[in-house]
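Okay, structure first, notes after.
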Amino acid sequence: MIDARHHRQRILAEVGAAGQQRLGRASVAIVGLGGLGSPVALYLAAAGVGRLGLIDDQQVELSNLNRQILFEDCDVGRPKVEAAAGRLLILDSALRLDARKESVRASNVEAIVAEYDLVVDGTDSFETKFLLNDAAVLLRKPLVHGAVLRWGGQATTVLPDGPCLRCLFRDPPDPADIETCEEAGIIGAATGVVGSVQAEEALKVILNVGTPLRGRIFRHDGLRGETRITTFPRDPDCPVCSPVARITDLSRYDEQVSPRGRVLT
Amino acid sequence: MVSPSFSSEQRQRYARHLALAEIGPAGQQRLMRSRVLIVGIGALGSPAALYLAAAGVGTLGLADHDRVRLSNLQRQVIHTMEGLDHSKVDGAARTVSGLNPDVSVETFAETVDSRNAMELLRRFDVIVDGTDSFRARYLLSDAAYLLRKPLVHGSIFRIEGQVTVFIPGRGCYRCLYPEPPPPGVIEESEQVGVLAALPGIIGTIQAAETIKLITGVGDGLVNRVLLHDTMAMTFHEVRYQRNRACPVCGDRPTVHELVDDAAKGLEVAR
């Protein structure tokens with residue numbers, strides 16, 4: 001059967017019939033269905049990624065709708081995973097979706113990450129971002145990291161041999177130094193730019209084409225209209241992706257990493 | 001202090017904007033009073049319309065003559081299978097209203113051409129170009145300049161995209177590209193491939209630039225075009241100036257109204 005739906009992508013030299021099949025056989029875990037998860041889920045579903053894990057324990061709130069374009073007004077109060085699955089299925093009813101109403105913690109991260117080919121981080125907590133980074137490195141799964149605040153954000157791609165998020169930032173920032181989206185505010189379009197970059201990265205990694213943001217960090221400032229990509233090296237003393245790693249075992253994670261995501265020595 | 005002119009629902013919906021120093025209650029009121037026209041509700045128009053609706057733009061004009069086809073759904077995320085074979089503007093209007101019922105939607109299910117462009121664009125504050133042909137890009141640029149309206153330009157081709165803002169008097173699409181490509185040059189079409197998420201980046205930046213124009217904050221992508229290559233994952237900025245010899249916005253303009261130029265297959269201003 002001719003796949004009319006993905007015709008425009010299949011005729012790209014970088015994709016082709018084999019690439020499109022590869023997307024169809026791929027599975028991606030989208031952790032966090034908020035400002036970042038919304039465009040990631042829409043574009044990966046549209047692109048024809050065969051199976052999506054939708055992982056979020058929250059319900060849709062009215063204050064989400066300035067940026068979380070996956071949801072509708074009438075979804076307020078519904079679990080995000082349920083509303084998201086409904087929205088994605090009217091885009092493509094052939095998608096395989098795992099709606100997992102749970103948060104990612106040290107105790108379940110392995111079960112989630114191990115089950116998918118690639119993980120996209122759409123969470124809004126630094127502890128979870130570092131947990132996903134550590135799990136992805138230890139389980140040798142590609143991770144597409146993203147974070148947003150106010151008018152901008154950042155993205156990078158962690159491949160199994162690093163560099164990883166802990167090469168760039170050893171530990172999560174001190175909670176006292178963190179401003180949340182609730183306090184600082186956020187523009188929907190900032191999440192759309194970073195989330196779309198994450199979706200592009202996920203597609204490239206699955207297709208094994210192009211140059212992913214490995215060892216490079218994309219930083220976008222929508223207010224200034226500035227977009228910069230800078231490189232960062234692998235840290236030879238990285239606590240998770242170097243030969244001298246101290247984070248070595250997800251089953252002993254709470255002995256190796258503090259609840260705030262800091263490496264314990 | 002939050003202005004009492006917001007309903008309690010609006011205070012929740014726009015809480016993240018009210019908390020932003022650059023938007024706040026005054027900026028949100030400006031967004032809610034603004035009128036934005038998006039021409040082309042395809043790959044670029046989809047994210048632009050979704051994010052402008054989410055931001056609470058008062059009136060969103062959606063113009064597109066086409067119907068939703070299955071091959072659109074690979075990247076045009078405002079459309080759904082329910083909308084297949086129906087008009088794009090109707091499907092997009094439904095999605096927009098579901099996301100934010102506060103937004104008033106005006107639909108135009110016709111081709112924007114030299115006969116109707118002035119009348120249509122005149123009614124809006126900002127124009128977003130989500131079209132996919134050189135013909136339409138020159139037409140919108142000419143019409144927007146003649147009406148002295150800002151135009152947020154975006155375009156994609158295969159794995160590359162670009163975005164810039166044309167402010168009347170500071171350069172237009174003809175200043176950036178003085179001549180249309182010769183006939184036969186490949187345009188965005190069913191024969192050209194495109195990666196799903198690329199238009200998401202360009203269309204979303206178009207939405208962000210529109211929000212900045214309406215609220216008057218930040219540095220717009222004016223006199224600079226942002227070029228993106230998705231495979232290399234690079235972004236480059238190229239500066240350009242108003243062309244003093246531009247036939248439309250130059251020092252001695254020779255064109256003052258839109259007319260069809262059948263010889264070139266283009267609609268140009270004369």
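Just so we're on the same page: first chain in the structure tokens is A, next is B, and so on; residues restart at 1 for each chain, and ligands are numbered from 1 in the order they show up.
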
Region 13-182 of chain B: residues DSSP assigns to alpha helix (DSSP H), reported as a PyMOL selection string: chain B and resi 13+15-18+24-33+45-55+88-99+117-121+134-146+173-176

Shell around region 119-129 of chain A at 7 Å using only C-alpha atoms, local window under 3 positions removed, as a PyMOL selection string: chain A and resi 28-34+36-37+104+113+132-133+142-146+172+260-261

Surrounding residues of region 199-203 of chain B excluding itself and chain neighbours under 3 positions, 6 Å, only C-alpha atoms, as a ChimeraX atom specification: /A:193,196 /B:43-44,47-48,206

Based on the selection just made, write all heavy atoms of those residues as a compact mmCIF listing (two decimals), in the first residue's frame.
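Final file, out-v7.txt:
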```txt
# COMPACT_ATOMS: atom_id res chain seq x y z
N VAL A 193 9.34 26.46 19.85
CA VAL A 193 10.62 26.44 19.15
C VAL A 193 11.50 25.31 19.70
O VAL A 193 12.02 24.48 18.95
CB VAL A 193 11.36 27.79 19.26
CG1 VAL A 193 12.76 27.70 18.67
CG2 VAL A 193 10.55 28.90 18.57
N SER A 196 10.03 21.85 18.95
CA SER A 196 10.19 21.46 17.54
C SER A 196 11.63 21.05 17.25
O SER A 196 11.87 20.12 16.46
CB SER A 196 9.77 22.60 16.61
OG SER A 196 8.42 22.96 16.81
N ALA B 43 1.86 24.06 6.53
CA ALA B 43 2.94 23.66 7.43
C ALA B 43 3.33 24.79 8.39
O ALA B 43 3.54 24.57 9.58
CB ALA B 43 4.14 23.23 6.61
N LEU B 44 3.44 26.02 7.86
CA LEU B 44 3.83 27.16 8.70
C LEU B 44 2.63 27.74 9.43
O LEU B 44 2.72 28.12 10.61
CB LEU B 44 4.49 28.25 7.84
CG LEU B 44 5.79 27.84 7.16
CD1 LEU B 44 6.25 28.92 6.18
CD2 LEU B 44 6.87 27.58 8.20
N PRO B 47 1.48 25.81 13.12
CA PRO B 47 2.01 26.22 14.42
C PRO B 47 1.78 27.70 14.70
O PRO B 47 1.52 28.10 15.85
CB PRO B 47 3.50 25.90 14.34
CG PRO B 47 3.81 25.80 12.88
CD PRO B 47 2.55 25.31 12.24
N ALA B 48 1.84 28.55 13.67
CA ALA B 48 1.63 29.98 13.89
C ALA B 48 0.23 30.21 14.46
O ALA B 48 0.06 30.93 15.45
CB ALA B 48 1.83 30.76 12.59
N GLN B 206 7.66 32.58 13.79
CA GLN B 206 6.76 33.59 13.22
C GLN B 206 5.73 34.04 14.26
O GLN B 206 5.43 35.24 14.37
CB GLN B 206 6.06 33.04 11.98
CG GLN B 206 6.98 32.91 10.78
CD GLN B 206 6.22 32.39 9.56
OE1 GLN B 206 5.99 31.19 9.44
NE2 GLN B 206 5.82 33.28 8.67
```

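Among A:Arg8, A:Asn64, A:Gln58, A:Ala46, the residue with the shortest atom-to-atom distance to Cys181 (chain A), counting only C-alpha atoms, is A:Asn64.
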
Spatial neighbours of Gln9 (chain A), 7 Å, only C-alpha atoms, chain gap at least 4 places, as a VMD selection string: (chain A and resid 15) or (chain B and resid 193 to 195)
